[in-house]
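Containing mmCIF, C-alpha atoms: model-v2.cif.
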data_coords
loop_
_atom_site.group_PDB
_atom_site.id
_atom_site.type_symbol
_atom_site.label_atom_id
_atom_site.label_comp_id
_atom_site.auth_asym_id
_atom_site.auth_seq_id
_atom_site.Cartn_x
_atom_site.Cartn_y
_atom_site.Cartn_z
ATOM 1 C CA MET A 1 0.000 0.000 0.000
ATOM 2 C CA LYS A 2 2.786 2.453 0.921
ATOM 3 C CA SER A 3 4.648 1.831 -2.339
ATOM 4 C CA ARG A 4 1.458 2.604 -4.264
ATOM 5 C CA ILE A 5 1.132 5.951 -2.424
ATOM 6 C CA VAL A 6 4.727 6.858 -3.247
ATOM 7 C CA ARG A 7 4.310 5.916 -6.903
ATOM 8 C CA GLY A 8 1.125 7.983 -7.062
ATOM 9 C CA ALA A 9 2.845 10.967 -5.512
ATOM 10 C CA LEU A 10 5.783 10.653 -7.865
ATOM 11 C CA THR A 11 3.443 10.471 -10.837
ATOM 12 C CA ALA A 12 1.698 13.632 -9.655
ATOM 13 C CA LEU A 13 5.051 15.376 -9.390
ATOM 14 C CA CYS A 14 6.091 14.375 -12.869
ATOM 15 C CA ILE A 15 2.776 15.353 -14.454
ATOM 16 C CA CYS A 16 2.782 18.785 -12.830
ATOM 17 C CA SER A 17 6.250 19.549 -14.179
ATOM 18 C CA LEU A 18 5.046 19.104 -17.741
ATOM 19 C CA THR A 19 2.144 21.520 -17.402
ATOM 20 C CA ALA A 20 3.631 24.348 -15.323
ATOM 21 C CA GLY A 21 3.983 27.907 -16.517
ATOM 22 C CA LEU A 22 3.139 30.212 -19.385
ATOM 23 C CA SER A 23 4.403 29.868 -22.914
ATOM 24 C CA GLY A 24 7.105 32.495 -22.769
ATOM 25 C CA CYS A 25 10.028 33.302 -20.544
ATOM 26 C CA SER A 26 12.393 35.817 -19.112
ATOM 27 C CA ASN A 27 15.524 33.987 -20.084
ATOM 28 C CA PRO A 28 18.173 36.293 -21.557
ATOM 29 C CA PRO A 29 16.453 37.235 -24.830
ATOM 30 C CA GLU A 30 18.019 37.952 -28.165
ATOM 31 C CA LYS A 31 20.015 41.170 -28.160
ATOM 32 C CA GLU A 32 20.485 41.507 -31.894
ATOM 33 C CA GLY A 33 19.153 44.817 -33.179
ATOM 34 C CA VAL A 34 18.938 46.505 -29.766
ATOM 35 C CA GLU A 35 21.481 49.247 -29.332
ATOM 36 C CA LYS A 36 23.517 49.227 -26.137
ATOM 37 C CA GLN A 37 22.616 52.174 -23.931
ATOM 38 C CA ASP A 38 24.914 54.241 -21.758
ATOM 39 C CA GLU A 39 25.830 52.859 -18.348
ATOM 40 C CA PRO A 40 23.642 54.157 -15.487
ATOM 41 C CA LYS A 41 24.710 57.707 -14.674
ATOM 42 C CA GLU A 42 24.455 60.054 -11.728
ATOM 43 C CA VAL A 43 22.253 62.450 -13.671
ATOM 44 C CA VAL A 44 19.453 60.775 -15.594
ATOM 45 C CA ASP A 45 16.827 62.279 -17.864
ATOM 46 C CA TYR A 46 13.632 60.662 -16.571
ATOM 47 C CA ASN A 47 11.065 60.127 -19.290
ATOM 48 C CA GLU A 48 8.040 58.797 -17.409
ATOM 49 C CA ASP A 49 4.851 60.695 -16.661
ATOM 50 C CA GLU A 50 5.625 62.973 -13.707
ATOM 51 C CA ASN A 51 1.978 62.885 -12.575
ATOM 52 C CA SER A 52 2.323 59.211 -11.644
ATOM 53 C CA ASN A 53 4.780 57.016 -9.728
ATOM 54 C CA LEU A 54 4.178 53.988 -11.951
ATOM 55 C CA GLY A 55 7.280 54.820 -14.000
ATOM 56 C CA PRO A 56 9.597 54.358 -10.997
ATOM 57 C CA TRP A 57 7.746 51.145 -10.111
ATOM 58 C CA ALA A 58 8.266 49.822 -13.637
ATOM 59 C CA ARG A 59 11.945 50.724 -13.822
ATOM 60 C CA ALA A 60 12.785 49.076 -10.489
ATOM 61 C CA MET A 61 10.765 45.966 -11.360
ATOM 62 C CA GLY A 62 12.478 45.494 -14.715
ATOM 63 C CA SER A 63 15.915 46.815 -13.789
ATOM 64 C CA VAL A 64 18.061 43.675 -13.786
ATOM 65 C CA LEU A 65 16.809 42.201 -17.049
ATOM 66 C CA ILE A 66 16.937 45.586 -18.783
ATOM 67 C CA LEU A 67 20.586 45.937 -17.729
ATOM 68 C CA LEU A 68 21.281 42.336 -18.721
ATOM 69 C CA ASN A 69 20.125 43.240 -22.227
ATOM 70 C CA ASP A 70 22.342 46.338 -22.436
ATOM 71 C CA GLY A 71 19.526 48.759 -21.596
ATOM 72 C CA ASN A 72 19.543 51.615 -19.107
ATOM 73 C CA PRO A 73 17.259 50.805 -16.149
ATOM 74 C CA TYR A 74 17.120 54.483 -15.188
ATOM 75 C CA TYR A 75 15.233 55.223 -18.409
ATOM 76 C CA PHE A 76 11.649 53.992 -18.857
ATOM 77 C CA GLY A 77 11.691 51.440 -21.665
ATOM 78 C CA GLY A 78 15.413 50.885 -21.217
ATOM 79 C CA TYR A 79 16.226 52.153 -24.705
ATOM 80 C CA GLN A 80 15.705 55.300 -26.700
ATOM 81 C CA ILE A 81 12.977 55.034 -29.326
ATOM 82 C CA THR A 82 14.827 54.500 -32.599
ATOM 83 C CA GLU A 83 13.875 52.351 -35.564
ATOM 84 C CA ASP A 84 16.636 49.862 -34.742
ATOM 85 C CA ASN A 85 15.555 49.610 -31.112
ATOM 86 C CA LYS A 86 11.917 49.281 -32.145
ATOM 87 C CA ASN A 87 12.818 46.283 -34.295
ATOM 88 C CA GLY A 88 15.089 44.887 -31.583
ATOM 89 C CA ALA A 89 12.382 45.071 -28.911
ATOM 90 C CA ALA A 90 9.885 43.443 -31.273
ATOM 91 C CA ASN A 91 12.413 40.647 -31.895
ATOM 92 C CA ILE A 92 12.839 40.114 -28.140
ATOM 93 C CA LEU A 93 9.080 39.818 -27.643
ATOM 94 C CA SER A 94 8.716 37.477 -30.589
ATOM 95 C CA ALA A 95 11.653 35.203 -29.733
ATOM 96 C CA SER A 96 11.062 34.945 -25.973
ATOM 97 C CA TRP A 97 7.283 35.190 -25.738
ATOM 98 C CA GLY A 98 5.809 34.533 -29.189
ATOM 99 C CA ILE A 99 4.368 38.061 -29.175
ATOM 100 C CA GLU A 100 3.702 39.423 -32.653
ATOM 101 C CA SER A 101 1.108 42.116 -31.970
ATOM 102 C CA ARG A 102 -0.381 44.472 -29.405
ATOM 103 C CA ARG A 103 -3.114 41.956 -28.607
ATOM 104 C CA ASP A 104 -0.553 39.171 -28.105
ATOM 105 C CA LEU A 105 1.234 41.405 -25.622
ATOM 106 C CA LEU A 106 -1.928 42.191 -23.674
ATOM 107 C CA VAL A 107 -2.890 38.505 -23.544
ATOM 108 C CA GLN A 108 0.471 37.685 -21.962
ATOM 109 C CA VAL A 109 0.172 40.530 -19.432
ATOM 110 C CA GLN A 110 -3.300 39.316 -18.454
ATOM 111 C CA GLY A 111 -1.971 35.770 -18.161
ATOM 112 C CA LEU A 112 0.755 36.872 -15.755
ATOM 113 C CA LEU A 113 -1.764 38.767 -13.643
ATOM 114 C CA ASP A 114 -4.157 35.812 -13.533
ATOM 115 C CA ALA A 115 -1.768 32.911 -13.039
ATOM 116 C CA GLY A 116 1.802 33.229 -14.314
ATOM 117 C CA ASP A 117 4.071 30.497 -12.986
ATOM 118 C CA ARG A 118 3.007 30.949 -9.348
ATOM 119 C CA ILE A 119 -0.237 28.956 -9.598
ATOM 120 C CA ALA A 120 1.463 25.773 -10.827
ATOM 121 C CA TYR A 121 4.220 26.302 -8.238
ATOM 122 C CA ARG A 122 1.687 26.441 -5.406
ATOM 123 C CA LYS A 123 -0.047 23.302 -6.643
ATOM 124 C CA GLU A 124 3.230 21.383 -6.768
ATOM 125 C CA ALA A 125 4.399 22.748 -3.414
ATOM 126 C CA LYS A 126 1.158 21.850 -1.649
ATOM 127 C CA GLU A 127 1.234 18.318 -3.067
ATOM 128 C CA MET A 128 4.793 17.895 -1.795
ATOM 129 C CA ASP A 129 3.911 19.448 1.564
ATOM 130 C CA ALA A 130 1.041 16.997 2.004
ATOM 131 C CA MET A 131 3.411 14.017 1.754
ATOM 132 C CA SER A 132 5.150 12.584 4.797
ATOM 133 C CA LYS A 133 8.889 13.173 5.026
ATOM 134 C CA LYS A 134 9.494 9.530 4.224
ATOM 135 C CA GLN A 135 7.196 9.584 1.200
ATOM 136 C CA LEU A 136 8.811 12.755 -0.105
ATOM 137 C CA ARG A 137 12.339 11.370 0.344
ATOM 138 C CA THR A 138 11.373 8.193 -1.485
ATOM 139 C CA ALA A 139 9.739 10.124 -4.319
ATOM 140 C CA MET A 140 12.668 12.531 -4.695
ATOM 141 C CA LYS A 141 15.152 9.656 -4.826
ATOM 142 C CA GLN A 142 13.408 8.425 -7.961
ATOM 143 C CA LEU A 143 14.059 11.762 -9.737
ATOM 144 C CA SER A 144 17.252 12.935 -11.363
ATOM 145 C CA GLY A 145 18.667 15.697 -13.537
ATOM 146 C CA ASP A 146 16.484 18.689 -14.402
ATOM 147 C CA LEU A 147 13.367 17.140 -12.872
ATOM 148 C CA LEU A 148 15.102 16.677 -9.522
ATOM 149 C CA THR A 149 16.424 20.249 -9.585
ATOM 150 C CA HIS A 150 12.953 21.520 -10.428
ATOM 151 C CA TYR A 151 11.341 19.942 -7.382
ATOM 152 C CA GLN A 152 14.243 20.891 -5.153
ATOM 153 C CA MET A 153 13.612 24.505 -6.212
ATOM 154 C CA VAL A 154 9.879 24.129 -5.598
ATOM 155 C CA GLN A 155 10.716 22.972 -2.082
ATOM 156 C CA TYR A 156 13.328 25.734 -1.649
ATOM 157 C CA ASN A 157 10.878 28.478 -2.656
ATOM 158 C CA TRP A 158 8.094 27.037 -0.509
ATOM 159 C CA GLU A 159 10.264 26.835 2.603
ATOM 160 C CA LYS A 160 11.561 30.375 2.040
ATOM 161 C CA TRP A 161 8.492 32.175 0.693
ATOM 162 C CA GLY A 162 5.457 29.945 1.090
ATOM 163 C CA ALA A 163 2.483 31.201 -0.947
ATOM 164 C CA LYS A 164 4.431 34.388 -1.805
ATOM 165 C CA GLY A 165 6.829 32.352 -3.916
ATOM 166 C CA LEU A 166 7.105 33.527 -7.551
ATOM 167 C CA ILE A 167 4.842 36.551 -7.040
ATOM 168 C CA ALA A 168 7.644 38.986 -7.866
ATOM 169 C CA TRP A 169 8.828 36.648 -10.635
ATOM 170 C CA ASP A 170 5.445 37.014 -12.354
ATOM 171 C CA MET A 171 4.852 40.695 -11.580
ATOM 172 C CA CYS A 172 8.321 41.838 -12.670
ATOM 173 C CA ARG A 173 7.911 40.092 -15.996
ATOM 174 C CA ILE A 174 4.965 42.388 -16.636
ATOM 175 C CA SER A 175 7.408 45.290 -16.419
ATOM 176 C CA HIS A 176 9.693 43.603 -18.946
ATOM 177 C CA LEU A 177 6.795 43.079 -21.340
ATOM 178 C CA VAL A 178 5.335 46.570 -21.181
ATOM 179 C CA GLN A 179 8.692 48.320 -21.432
ATOM 180 C CA TRP A 180 9.682 46.293 -24.505
ATOM 181 C CA GLY A 181 6.145 46.723 -25.798
ATOM 182 C CA TYR A 182 6.548 50.495 -25.474
ATOM 183 C CA VAL A 183 9.850 50.489 -27.359
ATOM 184 C CA ALA A 184 8.413 48.132 -30.002
ATOM 185 C CA GLY A 185 5.481 50.485 -30.590
ATOM 186 C CA TYR A 186 2.710 48.192 -29.319
ATOM 187 C CA LEU A 187 1.939 50.605 -26.467
ATOM 188 C CA ASP A 188 2.326 54.323 -25.986
ATOM 189 C CA ARG A 189 4.141 55.539 -22.887
ATOM 190 C CA GLY A 190 0.993 56.222 -20.868
ATOM 191 C CA GLU A 191 -0.466 52.787 -21.656
ATOM 192 C CA ALA A 192 2.783 51.017 -20.782
ATOM 193 C CA GLN A 193 2.981 52.739 -17.418
ATOM 194 C CA ALA A 194 -0.733 52.250 -16.698
ATOM 195 C CA LEU A 195 -0.354 48.485 -17.192
ATOM 196 C CA ILE A 196 2.119 48.436 -14.301
ATOM 197 C CA GLU A 197 -0.589 49.450 -11.825
ATOM 198 C CA PRO A 198 -2.030 46.006 -10.901
ATOM 199 C CA ALA A 199 1.473 44.505 -10.634
ATOM 200 C CA ALA A 200 2.678 47.376 -8.457
ATOM 201 C CA ARG A 201 -0.351 47.012 -6.188
ATOM 202 C CA ARG A 202 0.333 43.288 -5.814
ATOM 203 C CA LEU A 203 3.978 43.888 -4.897
ATOM 204 C CA GLN A 204 2.982 46.633 -2.463
ATOM 205 C CA LYS A 205 0.521 44.216 -0.823
ATOM 206 C CA ASP A 206 2.970 41.324 -0.407
ATOM 207 C CA PHE A 207 6.376 42.953 0.113
ATOM 208 C CA THR A 208 7.916 45.837 2.023
ATOM 209 C CA SER A 209 11.154 46.503 0.140
ATOM 210 C CA TRP A 210 12.931 46.124 -3.196
ATOM 211 C CA GLU A 211 15.366 43.717 -1.555
ATOM 212 C CA GLU A 212 12.467 41.355 -0.879
ATOM 213 C CA VAL A 213 11.102 41.802 -4.400
ATOM 214 C CA GLN A 214 14.421 41.212 -6.130
ATOM 215 C CA ASN A 215 15.227 38.158 -4.026
ATOM 216 C CA ASN A 216 11.765 36.721 -4.695
ATOM 217 C CA TRP A 217 12.274 37.362 -8.417
ATOM 218 C CA LEU A 218 15.713 35.737 -8.367
ATOM 219 C CA ASP A 219 14.452 32.671 -6.487
ATOM 220 C CA GLY A 220 11.560 32.396 -8.926
ATOM 221 C CA PHE A 221 14.057 32.499 -11.773
ATOM 222 C CA CYS A 222 15.953 29.602 -10.169
ATOM 223 C CA LEU A 223 12.788 27.511 -10.234
ATOM 224 C CA PHE A 224 11.891 28.562 -13.761
ATOM 225 C CA ALA A 225 15.394 27.926 -15.131
ATOM 226 C CA GLY A 226 16.164 24.847 -13.016
ATOM 227 C CA ILE A 227 19.181 26.391 -11.290
ATOM 228 C CA ASP A 228 20.462 25.651 -7.803
ATOM 229 C CA PRO A 229 21.108 29.063 -6.166
ATOM 230 C CA LYS A 230 24.114 27.566 -4.375
ATOM 231 C CA ALA A 231 25.795 26.697 -7.670
ATOM 232 C CA SER A 232 28.538 28.993 -8.961
ATOM 233 C CA GLU A 233 28.761 30.809 -12.312
ATOM 234 C CA THR A 234 25.149 30.488 -13.450
ATOM 235 C CA ASP A 235 22.543 32.783 -14.991
ATOM 236 C CA TYR A 236 21.308 33.219 -11.419
ATOM 237 C CA THR A 237 24.669 34.446 -10.095
ATOM 238 C CA ASN A 238 24.960 36.727 -13.135
ATOM 239 C CA ARG A 239 21.571 38.306 -12.442
ATOM 240 C CA LYS A 240 22.282 38.595 -8.741
ATOM 241 C CA GLY A 241 25.587 40.273 -9.554
ATOM 242 C CA LEU A 242 23.824 42.824 -11.760
ATOM 243 C CA TYR A 243 21.360 43.581 -8.967
ATOM 244 C CA GLU A 244 24.225 44.102 -6.511
ATOM 245 C CA ARG A 245 25.956 46.344 -9.058
ATOM 246 C CA LEU A 246 22.836 48.492 -9.363
ATOM 247 C CA LEU A 247 22.574 48.667 -5.577
ATOM 248 C CA LYS A 248 26.171 49.860 -5.323
ATOM 249 C CA ASN A 249 25.431 52.510 -7.954
ATOM 250 C CA GLU A 250 22.787 53.923 -5.597
ATOM 251 C CA GLU A 251 25.411 54.864 -3.004
ATOM 252 C CA GLY A 252 25.773 58.611 -2.743
ATOM 253 C CA HIS A 253 22.698 59.282 -4.882
ATOM 254 C CA LYS A 254 19.924 58.950 -2.332
ATOM 255 C CA ASP A 255 17.902 61.684 -4.036
ATOM 256 C CA LYS A 256 17.449 59.623 -7.219
ATOM 257 C CA LEU A 257 17.068 56.038 -6.113
ATOM 258 C CA LEU A 258 16.208 53.253 -8.505
ATOM 259 C CA TYR A 259 15.188 51.065 -5.561
ATOM 260 C CA ASP A 260 13.133 53.535 -3.551
ATOM 261 C CA ASP A 261 11.490 51.653 -0.675
ATOM 262 C CA SER A 262 9.141 54.568 -0.001
ATOM 263 C CA LEU A 263 7.111 53.305 -2.967
ATOM 264 C CA PHE A 264 5.886 50.471 -0.727
ATOM 265 C CA THR A 265 4.277 52.852 1.747
ATOM 266 C CA GLU A 266 3.122 55.758 -0.400
ATOM 267 C CA GLU A 267 -0.061 55.823 -2.427
ATOM 268 C CA ILE A 268 0.183 54.563 -5.992
ATOM 269 C CA THR A 269 -0.646 57.443 -8.317
ATOM 270 C CA VAL A 270 -2.087 56.346 -11.634
ATOM 271 C CA ILE A 271 -1.744 57.768 -15.132
ATOM 272 C CA PRO A 272 -4.490 60.395 -15.591
ATOM 273 C CA ASP A 273 -7.239 59.334 -18.002
ATOM 274 C CA VAL A 274 -5.573 55.980 -18.824
ATOM 275 C CA SER A 275 -7.158 52.815 -17.412
ATOM 276 C CA TYR A 276 -5.257 49.533 -17.385
ATOM 277 C CA LYS A 277 -8.613 47.710 -17.213
ATOM 278 C CA ALA A 278 -9.764 49.315 -20.450
ATOM 279 C CA ILE A 279 -6.484 48.419 -22.143
ATOM 280 C CA LEU A 280 -6.561 44.798 -20.983
ATOM 281 C CA LYS A 281 -10.151 44.481 -22.172
ATOM 282 C CA GLU A 282 -8.689 44.344 -25.682
ATOM 283 C CA ALA A 283 -7.062 41.031 -24.788
ATOM 284 C CA LYS A 284 -10.507 39.490 -24.382
ATOM 285 C CA GLU A 285 -11.988 40.949 -27.519
ATOM 286 C CA GLU A 286 -12.042 38.821 -30.631
ATOM 287 C CA GLY A 287 -10.035 40.351 -33.429
ATOM 288 C CA GLY A 288 -8.249 42.878 -31.215
ATOM 289 C CA ALA A 289 -5.513 44.997 -32.768
#

Please express the file's structure as structure tokens.
Amino acid sequence: MKSRIVRGALTALCICSLTAGLSGCSNPPEKEGVEKQDEPKEVVDYNEDENSNLGPWARAMGSVLILLNDGNPYYFGGYQITEDNKNGAANILSASWGIESRRDLLVQVQGLLDAGDRIAYRKEAKEMDAMSKKQLRTAMKQLSGDLLTHYQMVQYNWEKWGAKGLIAWDMCRISHLVQWGYVAGYLDRGEAQALIEPAARRLQKDFTSWEEVQNNWLDGFCLFAGIDPKASETDYTNRKGLYERLLKNEEGHKDKLLYDDSLFTEEITVIPDVSYKAILKEAKEEGGA
């Protein structure tokens, strides 16, 4: 009887791994066609709507991946709007997410808000948590390679974050999408910033600092990419190193912080006359642009 329970649990683990997540990723996307921007500077020309704080939310949320792709995280969108950068951003969205249009982009944003990778993670984690220690050990011993790493990272995130695991991973990817979507021409600047609102509100609800958000995002990446955070010289350590580099750049420039923790306690101010709900409605309309 016990062996049947273990086999059933193992089967459940294996099945879940095949169905987890959205079609799309935040792996390092193609850089071809995107011009490298200047390194972050002390004085930055901010280009977001000054009537709202959603621009600063977006830049902090997308900072590491924007820098990883040679963009400037102090500039909304990461790249100046040029024809080459427009094509490069469109290529990133197409190659990494299968996005070929404005409607495709909005569908993916809605998907991240509704489920992302966190829903499958919670299902797997709860199934593992319901097993006895002996059952779990027996089941894990029957796994190897990428599948073993995957469930080790599910367990790692659950023990560290519980139900908050992968929330920042999903919400920060919305920032990546809308910033590239802005550069690619699928969204105007006001729309791109407005679409950050529900993600910013979720982060404000569940976290109290950018350190928490970035660590949650990095741990979510480990699960998504099947990387042990204790391993050396990985995409995880590269991303973590970029985050630490951006943090160091903040020293001495407290008046213009990228990671401004006051955003977690102050009211979120929206883009005047631009509703993210109205924009996302297009994703549900047949034949949207």

Notebook entry, point to check: What residues come out when you apply the PyMOL selection byres ((chain A and resi 76) around 12) to this file, written as number ranges by chain?
Noted result: A: 44-50, 53-63, 66, 71-75, 77-81, 175-176, 178-183, 188-190, 192-193, 196, 258

Notebook entry, point to check: Skipping near chain neighbours, those fewer than 6 positions away, what residues fall within 12 Å of Asp235 in chain A using all atoms listed in the file, listed as a PyMOL selection string?
Noted result: chain A and resi 26-28+64-65+68+218-219+221-222+224-229+241-242

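Every residue that the PyMOL selection byres ((chain A and resi 85-87) around 8) selects in this file is listed here: Gly33, Val34, Glu35, Tyr79, Gln80, Ile81, Thr82, Glu83, Asp84, Gly88, Ala89, Ala90, Asn91, Val183, Ala184 and Gly185 of chain A.
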
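Reported to one decimal place, the separation of CA of Leu148 in chain A from CA of Gly220 in chain A is 16.1 Å.
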
Each side padded by 3 Å, which centre and which edge lengths in Å (one decimal) define the axis-aligned box around the listed atoms of range 148-160 of chain A? Give them as JSON.
{"center_x": 12.3, "center_y": 23.5, "center_z": -3.9, "size_x": 14.3, "size_y": 19.7, "size_z": 19.0}

Margin query: Between CA of Ala125 in chain A and CA of Trp158 in chain A, what is the distance in Å, rounded to a tenth?
Written below: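 So the two atoms, CA of Ala125 in chain A and CA of Trp158 in chain A, lie 6.4 Å apart.
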
Next item on the list: To one decimal in Å, tell me the separation between CA of Glu233 in chain A and CA of Trp210 in chain A.
Entry: 23.8 Å

Next item on the list: Expand the PyMOL selection byres ((chain A and resi 118) around 10) into the individual residues it matches in the shown file, reporting them as JSON, numbers by chain.
Entry: {"A": [20, 21, 112, 114, 115, 116, 117, 119, 120, 121, 122, 123, 124, 163, 164, 165, 166, 167, 168, 169, 170, 220]}

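Proximity of A:Ala95, A:Ile279, A:Ala130, A:Val109 to Glu191 in chain A, computed with all atoms listed in the file, is greatest for A:Ile279.
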